[in-house]
Number of protein chains: 2
Amino acid sequence: METWDAIRARRDVRQFADRPVPPADLDRILDAGRRAPSSQNTQPWDFVVVTERDRLAKLATVWRGAGHVAGSAATVALVAPVPAEGRRGQVMFDLGQAAMSLQIAAADLGVASGHSAVGDQELAREVLGFPEDRFCGYLIPLGYPADRPLRPIERPDRRAAADVVHRERW
Amino acid sequence: METWDAIRARRDVRQFADRPVPPADLDRILDAGRRAPSSQNTQPWDFVVVTERDRLAKLATVWRGAGHVAGSAATVALVAPVPAEGRRGQVMFDLGQAAMSLQIAAADLGVASGHSAVGDQELAREVLGFPEDRFCGYLIPLGYPADRPLRPIERPDRRAAADVVHRERW
């Protein structure tokens with residue numbers, strides 16, 4: 001798909017079709033995340049990709065807004081080192097870049113996403129098995145939309161460009 | 001360009017050609033940022049886009065790693081509300097998603113980027129004019145590479161997929 005179409009087709013989806021994402025497509029999506037830029041190329045991410053139904057159901061309980069993880073075809077957990085004091089923002093920015101890269105790669109393949117925060121780190125650690133010196137920043141559930149396929153959206157539910165963009169100075 | 005090519009062609013560039021980005025291309029890049037997802041669709045971003053040479057030169061002094069802003073064709077400053085205690089990570093994740101969206105849209109148009117942190121918020125405020133209740137999270141300098149054009153990179157300078165990706169459990 002053309003890049004501009006994939007960017008415009010990406011939308012948050014929380015109801016997924018009961019259909020797996022082919023392994024090769026999932027690998028491409030993960031590769032897109034791995035290629036993201038980061039502060040001094042530190043790449044502060046590990047991706048734990050979950051497709052087992054039981055594990056997805058448990059993972060869906062780590063946050064009140066994570067229920068849709070249970071019905072996803074796959075969920076990518078973004079795990080990073082627990083940052084030093086004052087460095088959390090930088091790590092989270094880099095995780096955001098990786099998340100967006102893999103979500104655009106997914107949209108290109110017709111795969112929708114709908115990111116979720118993580119509330120209960122201990123539960124996430126129990127389900128995913130990451131070490132004590134890491135935390136799970138976000139979950140990126142993936143799957144084909146239960147309703148209509150992804151198509152470029154002309155008028156997204158977003159603030160107007162004229163409101164968001166300032167020229168030369170605020 | 002195909003999405004997968006744009007994602008693989010994006011690379012950090014800090015030396016830009018002395019050539020402006022056409023306004024329509026810049027608008028598309030900014031539109032890609034505006035379309036990014038965010039926590040509960042809060043869209044916590046404003047984009048101040050700077051193309052004036054003098055202003056770029058001043059903006060390049062807000063951080064020791066921001067020197068390449070001076071030679072960029074345009075720099076997008078990502079501005080957000082100063083977050084409440086404990087919410088900074090969430091806002092920075094959302095800024096990261098917007099940053100990646102506009103950087104992939106840029107790569108699709110042959111426009112390179114190389115993000116920079118912001119150290120001196122007061123100076124950034126003076127140059128960009130954003131209100132007291134906002135901060136500048138990152139700068140995204142844009143321009144055509146001074147050396148070779150963007151082309152898909154087969155082996156990016158990144159950790160190996162086998163190191164980054166964990167299946168079902170860490």
# chains A, B, ... in the order shown; residues from 1 in each chain; ligands from 1

call {"tool": "residues_around", "arguments": {"residues": "Asp31 in chain B", "least_positions_apart": "4", "cutoff": "7 Å", "atoms": "only C-alpha atoms", "output": "list of chain:residue names"}}
result
A:Ala161, B:Asp27, B:Arg35

call {"tool": "write_last_selection", "arguments": {"atoms": "C-alpha atoms", "output": "short mmCIF file (atom, residue, chain, number, x, y, z; two decimals), in the first residue's frame"}}
result
data_model
loop_
_atom_site.label_atom_id
_atom_site.label_comp_id
_atom_site.auth_asym_id
_atom_site.auth_seq_id
_atom_site.Cartn_x
_atom_site.Cartn_y
_atom_site.Cartn_z
CA ALA A 161 -4.79 21.28 11.21
CA ASP B 27 1.60 20.09 5.03
CA ARG B 35 -3.44 11.81 12.66
#

call {"tool": "calpha_fit_rmsd", "arguments": {"fixed": "chain B", "moving": "chain A"}}
result
0.0 Å

call {"tool": "interface_residues", "arguments": {"of": "chain A", "to": "chain B", "cutoff": "6 Å", "atoms": "only C-alpha atoms", "output": "PDB file with N, CA and C atoms, in the first residue's frame"}}
result
ATOM      1  N   MET A   1       0.857  -1.193   0.000  1.00  0.00           N
ATOM      2  CA  MET A   1       0.000   0.000   0.000  1.00  0.00           C
ATOM      3  C   MET A   1       0.897   1.248   0.000  1.00  0.00           C
ATOM      4  N   GLU A   2       0.426   2.309  -0.623  1.00  0.00           N
ATOM      5  CA  GLU A   2       1.167   3.578  -0.561  1.00  0.00           C
ATOM      6  C   GLU A   2       1.244   4.064   0.897  1.00  0.00           C
ATOM      7  N   THR A   3       2.359   4.636   1.248  1.00  0.00           N
ATOM      8  CA  THR A   3       2.583   5.089   2.630  1.00  0.00           C
ATOM      9  C   THR A   3       1.483   6.026   3.106  1.00  0.00           C
ATOM     10  N   ASP A  46      12.261  -4.018  24.218  1.00  0.00           N
ATOM     11  CA  ASP A  46      12.112  -5.426  23.863  1.00  0.00           C
ATOM     12  C   ASP A  46      10.639  -5.624  23.533  1.00  0.00           C
ATOM     13  N   PHE A  47      10.359  -6.495  22.597  1.00  0.00           N
ATOM     14  CA  PHE A  47       8.973  -6.766  22.206  1.00  0.00           C
ATOM     15  C   PHE A  47       8.621  -8.195  22.615  1.00  0.00           C
ATOM     16  N   VAL A  48       7.635  -8.332  23.482  1.00  0.00           N
ATOM     17  CA  VAL A  48       7.123  -9.673  23.787  1.00  0.00           C
ATOM     18  C   VAL A  48       5.813  -9.814  23.020  1.00  0.00           C
ATOM     19  N   VAL A  49       5.802 -10.721  22.058  1.00  0.00           N
ATOM     20  CA  VAL A  49       4.618 -10.879  21.212  1.00  0.00           C
ATOM     21  C   VAL A  49       3.835 -12.109  21.666  1.00  0.00           C
ATOM     22  N   VAL A  50       2.582 -11.865  22.001  1.00  0.00           N
ATOM     23  CA  VAL A  50       1.725 -12.896  22.581  1.00  0.00           C
ATOM     24  C   VAL A  50       0.600 -13.239  21.602  1.00  0.00           C
ATOM     25  N   GLY A  89      10.637  10.141  30.512  1.00  0.00           N
ATOM     26  CA  GLY A  89      10.032  10.790  29.348  1.00  0.00           C
ATOM     27  C   GLY A  89      10.725  10.394  28.056  1.00  0.00           C
ATOM     28  N   MET A  92       9.887   6.812  27.153  1.00  0.00           N
ATOM     29  CA  MET A  92       8.509   6.693  26.688  1.00  0.00           C
ATOM     30  C   MET A  92       8.345   7.287  25.284  1.00  0.00           C
ATOM     31  N   PHE A  93       9.065   8.378  25.009  1.00  0.00           N
ATOM     32  CA  PHE A  93       9.049   8.946  23.658  1.00  0.00           C
ATOM     33  C   PHE A  93       9.559   7.910  22.654  1.00  0.00           C
ATOM     34  N   GLY A  96       7.089   5.279  22.065  1.00  0.00           N
ATOM     35  CA  GLY A  96       6.027   5.811  21.197  1.00  0.00           C
ATOM     36  C   GLY A  96       6.424   5.747  19.729  1.00  0.00           C
ATOM     37  N   GLN A  97       7.690   6.044  19.460  1.00  0.00           N
ATOM     38  CA  GLN A  97       8.162   5.969  18.075  1.00  0.00           C
ATOM     39  C   GLN A  97       8.106   4.529  17.569  1.00  0.00           C
ATOM     40  N   MET A 100       4.448   3.505  16.954  1.00  0.00           N
ATOM     41  CA  MET A 100       3.841   4.068  15.748  1.00  0.00           C
ATOM     42  C   MET A 100       4.391   3.389  14.508  1.00  0.00           C
ATOM     43  N   LEU A 128       4.240 -12.091  31.388  1.00  0.00           N
ATOM     44  CA  LEU A 128       5.208 -11.956  30.296  1.00  0.00           C
ATOM     45  C   LEU A 128       6.619 -12.425  30.671  1.00  0.00           C
ATOM     46  N   GLY A 129       6.909 -12.476  31.953  1.00  0.00           N
ATOM     47  CA  GLY A 129       8.196 -13.017  32.394  1.00  0.00           C
ATOM     48  C   GLY A 129       9.395 -12.102  32.227  1.00  0.00           C
ATOM     49  N   PHE A 130       9.167 -10.781  32.092  1.00  0.00           N
ATOM     50  CA  PHE A 130      10.333  -9.888  31.911  1.00  0.00           C
ATOM     51  C   PHE A 130      11.020  -9.652  33.264  1.00  0.00           C
ATOM     52  N   VAL A 164      -3.803  22.924  15.213  1.00  0.00           N
ATOM     53  CA  VAL A 164      -2.624  22.206  15.709  1.00  0.00           C
ATOM     54  C   VAL A 164      -1.314  22.861  15.237  1.00  0.00           C
ATOM     55  N   VAL A 165      -1.321  23.366  13.997  1.00  0.00           N
ATOM     56  CA  VAL A 165      -0.081  23.828  13.368  1.00  0.00           C
ATOM     57  C   VAL A 165       0.074  25.336  13.531  1.00  0.00           C
ATOM     58  N   HIS A 166       1.248  25.733  13.980  1.00  0.00           N
ATOM     59  CA  HIS A 166       1.616  27.152  14.128  1.00  0.00           C
ATOM     60  C   HIS A 166       2.787  27.419  13.192  1.00  0.00           C
ATOM     61  N   ARG A 167       2.759  28.511  12.480  1.00  0.00           N
ATOM     62  CA  ARG A 167       3.797  28.808  11.502  1.00  0.00           C
ATOM     63  C   ARG A 167       4.849  29.766  12.076  1.00  0.00           C
ATOM     64  N   GLU A 168       6.052  29.308  12.121  1.00  0.00           N
ATOM     65  CA  GLU A 168       7.221  30.062  12.603  1.00  0.00           C
ATOM     66  C   GLU A 168       7.194  30.340  14.111  1.00  0.00           C
ATOM     67  N   ARG A 169       6.016  30.642  14.651  1.00  0.00           N
ATOM     68  CA  ARG A 169       5.915  31.005  16.046  1.00  0.00           C
ATOM     69  C   ARG A 169       4.481  30.737  16.512  1.00  0.00           C
ATOM     70  N   TRP A 170       4.319  30.376  17.762  1.00  0.00           N
ATOM     71  CA  TRP A 170       2.989  30.090  18.326  1.00  0.00           C
ATOM     72  C   TRP A 170       2.088  31.312  18.134  1.00  0.00           C
TER      73      TRP A 170
END

call {"tool": "select_by_dssp", "arguments": {"residues": "range 36-130 of chain B", "states": "strand (DSSP E or B)", "output": "ChimeraX atom specification"}}
result
/B:46-50,74-81,112-113,116

call {"tool": "write_last_selection", "arguments": {"atoms": "C-alpha atoms", "output": "tab-separated table (two decimals), in the first residue's frame"}}
result
chain	number	residue	atom	x	y	z
B	46	ASP	CA	0.82	21.45	18.95
B	47	PHE	CA	3.30	21.68	16.08
B	48	VAL	CA	5.31	24.86	15.61
B	49	VAL	CA	6.93	24.60	12.20
B	50	VAL	CA	9.95	26.84	11.64
B	74	ALA	CA	12.16	23.03	8.37
B	75	THR	CA	11.96	21.97	11.99
B	76	VAL	CA	8.78	20.83	13.68
B	77	ALA	CA	8.70	21.62	17.41
B	78	LEU	CA	6.44	19.24	19.34
B	79	VAL	CA	4.77	21.28	22.08
B	80	ALA	CA	2.47	19.82	24.76
B	81	PRO	CA	0.77	20.87	27.98
B	112	ALA	CA	14.93	12.93	6.10
B	113	SER	CA	14.74	13.75	9.79
B	116	SER	CA	16.60	16.30	19.00

call {"tool": "select_by_dssp", "arguments": {"residues": "range 20-123 of chain B", "states": "alpha helix (DSSP H)", "output": "MDAnalysis selection string"}}
result
chainID B and resid 23:34 53:59 88:108 121:123

call {"tool": "atom_distance", "arguments": {"atom1": "CA of Arg151 in chain B", "atom2": "CA of Arg151 in chain A"}}
result
26.5 Å

call {"tool": "atom_distance", "arguments": {"atom1": "CA of Gly71 in chain A", "atom2": "CA of Lys58 in chain A"}}
result
11.3 Å

call {"tool": "residues_around", "arguments": {"residues": "Ala66 in chain B", "least_positions_apart": "4", "cutoff": "10 Å", "atoms": "only C-alpha atoms", "output": "short mmCIF file (atom, residue, chain, number, x, y, z; two decimals) with N, CA and C atoms, in the first residue's frame"}}
result
data_model
loop_
_atom_site.label_atom_id
_atom_site.label_comp_id
_atom_site.auth_asym_id
_atom_site.auth_seq_id
_atom_site.Cartn_x
_atom_site.Cartn_y
_atom_site.Cartn_z
N ARG B 14 21.56 14.39 9.76
CA ARG B 14 21.88 15.64 10.46
C ARG B 14 22.58 16.66 9.57
N ALA B 57 18.38 29.02 13.42
CA ALA B 57 19.71 29.15 14.05
C ALA B 57 19.57 29.34 15.56
N LEU B 59 16.96 28.35 17.37
CA LEU B 59 16.38 27.12 17.90
C LEU B 59 17.45 26.04 18.08
N ALA B 60 18.46 26.09 17.24
CA ALA B 60 19.54 25.09 17.28
C ALA B 60 20.36 25.17 18.56
N THR B 61 20.14 26.21 19.37
CA THR B 61 20.94 26.38 20.59
C THR B 61 20.21 25.91 21.85
N VAL B 62 19.04 25.30 21.69
CA VAL B 62 18.28 24.90 22.89
C VAL B 62 18.81 23.60 23.51
N ALA B 70 19.83 24.09 12.75
CA ALA B 70 20.19 25.31 12.03
C ALA B 70 20.19 25.11 10.51
N GLY B 114 15.91 13.96 11.88
CA GLY B 114 16.86 13.55 12.92
C GLY B 114 16.49 14.25 14.21
N HIS B 115 15.70 13.58 15.06
CA HIS B 115 15.09 14.26 16.18
C HIS B 115 16.10 14.71 17.24
N SER B 116 15.74 15.76 17.95
CA SER B 116 16.60 16.30 19.00
C SER B 116 15.78 16.60 20.24
N ALA B 117 16.37 16.34 21.39
CA ALA B 117 15.76 16.74 22.66
C ALA B 117 15.85 18.27 22.81
N VAL B 118 15.21 18.77 23.85
CA VAL B 118 15.24 20.21 24.15
C VAL B 118 15.74 20.36 25.59
N GLY B 119 16.83 21.09 25.78
CA GLY B 119 17.34 21.29 27.13
C GLY B 119 16.79 22.57 27.76
N TYR B 138 10.19 17.75 21.99
CA TYR B 138 11.24 17.36 21.05
C TYR B 138 11.20 18.28 19.83
N LEU B 139 12.30 18.29 19.10
CA LEU B 139 12.38 18.97 17.79
C LEU B 139 12.57 17.90 16.72
N ILE B 140 11.87 18.07 15.59
CA ILE B 140 12.04 17.16 14.46
C ILE B 140 12.53 17.97 13.26
N PRO B 141 13.85 18.09 13.10
CA PRO B 141 14.40 18.76 11.92
C PRO B 141 14.16 17.91 10.67
#

call {"tool": "atom_distance", "arguments": {"atom1": "CA of Ala84 in chain A", "atom2": "CA of Gln121 in chain A"}}
result
17.2 Å

call {"tool": "decode", "arguments": {"residues": "range 40-128 of chain A", "atoms": "C-alpha atoms", "output": "mmCIF file, in the first residue's frame"}}
result
data_model
loop_
_atom_site.group_PDB
_atom_site.id
_atom_site.type_symbol
_atom_site.label_atom_id
_atom_site.label_comp_id
_atom_site.auth_asym_id
_atom_site.auth_seq_id
_atom_site.Cartn_x
_atom_site.Cartn_y
_atom_site.Cartn_z
ATOM 1 C CA GLN A 40 21.412 8.056 20.681
ATOM 2 C CA ASN A 41 20.226 4.816 19.088
ATOM 3 C CA THR A 42 19.811 3.223 22.528
ATOM 4 C CA GLN A 43 16.852 1.113 21.265
ATOM 5 C CA PRO A 44 15.448 0.815 24.777
ATOM 6 C CA TRP A 45 12.828 -1.738 23.792
ATOM 7 C CA ASP A 46 12.112 -5.426 23.863
ATOM 8 C CA PHE A 47 8.973 -6.766 22.206
ATOM 9 C CA VAL A 48 7.123 -9.673 23.787
ATOM 10 C CA VAL A 49 4.618 -10.879 21.212
ATOM 11 C CA VAL A 50 1.725 -12.896 22.581
ATOM 12 C CA THR A 51 -0.682 -14.958 20.458
ATOM 13 C CA GLU A 52 -1.757 -17.729 22.865
ATOM 14 C CA ARG A 53 -5.389 -17.205 23.777
ATOM 15 C CA ASP A 54 -4.995 -17.951 27.492
ATOM 16 C CA ARG A 55 -2.052 -15.637 27.866
ATOM 17 C CA LEU A 56 -3.861 -12.848 25.979
ATOM 18 C CA ALA A 57 -6.828 -13.241 28.348
ATOM 19 C CA LYS A 58 -4.558 -12.807 31.378
ATOM 20 C CA LEU A 59 -2.715 -9.901 29.790
ATOM 21 C CA ALA A 60 -6.050 -8.166 29.203
ATOM 22 C CA THR A 61 -6.414 -7.719 32.970
ATOM 23 C CA VAL A 62 -3.332 -5.543 33.527
ATOM 24 C CA TRP A 63 -5.325 -2.354 32.986
ATOM 25 C CA ARG A 64 -8.983 -1.397 32.955
ATOM 26 C CA GLY A 65 -8.584 -0.237 29.339
ATOM 27 C CA ALA A 66 -6.826 -3.412 28.148
ATOM 28 C CA GLY A 67 -9.876 -5.662 27.780
ATOM 29 C CA HIS A 68 -9.572 -5.734 23.990
ATOM 30 C CA VAL A 69 -6.185 -7.472 24.311
ATOM 31 C CA ALA A 70 -8.107 -10.704 25.023
ATOM 32 C CA GLY A 71 -9.650 -10.718 21.545
ATOM 33 C CA SER A 72 -6.603 -9.567 19.614
ATOM 34 C CA ALA A 73 -4.861 -11.833 17.123
ATOM 35 C CA ALA A 74 -1.553 -10.853 18.684
ATOM 36 C CA THR A 75 -0.439 -8.291 21.231
ATOM 37 C CA VAL A 76 3.005 -6.724 21.281
ATOM 38 C CA ALA A 77 4.142 -5.751 24.772
ATOM 39 C CA LEU A 78 6.688 -2.927 24.726
ATOM 40 C CA VAL A 79 9.165 -3.593 27.524
ATOM 41 C CA ALA A 80 12.000 -1.242 28.502
ATOM 42 C CA PRO A 81 14.601 -0.831 31.248
ATOM 43 C CA VAL A 82 13.221 0.949 34.320
ATOM 44 C CA PRO A 83 14.608 4.418 33.594
ATOM 45 C CA ALA A 84 16.863 6.439 35.872
ATOM 46 C CA GLU A 85 15.286 9.417 37.630
ATOM 47 C CA GLY A 86 14.263 12.022 35.067
ATOM 48 C CA ARG A 87 14.760 9.753 32.025
ATOM 49 C CA ARG A 88 11.288 8.236 31.875
ATOM 50 C CA GLY A 89 10.032 10.790 29.348
ATOM 51 C CA GLN A 90 12.820 10.019 26.924
ATOM 52 C CA VAL A 91 12.257 6.255 27.119
ATOM 53 C CA MET A 92 8.509 6.693 26.688
ATOM 54 C CA PHE A 93 9.049 8.946 23.658
ATOM 55 C CA ASP A 94 11.209 6.247 22.090
ATOM 56 C CA LEU A 95 8.608 3.558 22.863
ATOM 57 C CA GLY A 96 6.027 5.811 21.197
ATOM 58 C CA GLN A 97 8.162 5.969 18.075
ATOM 59 C CA ALA A 98 8.523 2.178 17.970
ATOM 60 C CA ALA A 99 4.785 1.759 18.600
ATOM 61 C CA MET A 100 3.841 4.068 15.748
ATOM 62 C CA SER A 101 6.281 2.433 13.348
ATOM 63 C CA LEU A 102 4.800 -0.986 13.941
ATOM 64 C CA GLN A 103 1.238 0.314 13.827
ATOM 65 C CA ILE A 104 1.793 1.935 10.410
ATOM 66 C CA ALA A 105 3.460 -1.252 9.138
ATOM 67 C CA ALA A 106 0.420 -3.148 10.435
ATOM 68 C CA ALA A 107 -2.058 -0.803 8.729
ATOM 69 C CA ASP A 108 -0.168 -1.348 5.480
ATOM 70 C CA LEU A 109 -1.042 -5.057 5.837
ATOM 71 C CA GLY A 110 -4.676 -4.413 6.765
ATOM 72 C CA VAL A 111 -3.958 -5.107 10.435
ATOM 73 C CA ALA A 112 -5.512 -2.716 12.946
ATOM 74 C CA SER A 113 -4.257 -1.793 16.406
ATOM 75 C CA GLY A 114 -5.444 -0.044 19.543
ATOM 76 C CA HIS A 115 -2.797 0.660 22.153
ATOM 77 C CA SER A 116 -3.351 0.223 25.869
ATOM 78 C CA ALA A 117 -1.531 1.437 28.955
ATOM 79 C CA VAL A 118 -0.384 -0.995 31.648
ATOM 80 C CA GLY A 119 -1.520 -0.482 35.223
ATOM 81 C CA ASP A 120 -0.457 -3.587 37.138
ATOM 82 C CA GLN A 121 3.244 -4.065 36.412
ATOM 83 C CA GLU A 122 3.557 -7.071 38.697
ATOM 84 C CA LEU A 123 0.790 -8.893 36.863
ATOM 85 C CA ALA A 124 2.317 -7.946 33.492
ATOM 86 C CA ARG A 125 5.653 -9.301 34.725
ATOM 87 C CA GLU A 126 4.001 -12.543 35.854
ATOM 88 C CA VAL A 127 2.300 -13.064 32.481
ATOM 89 C CA LEU A 128 5.208 -11.956 30.296
#
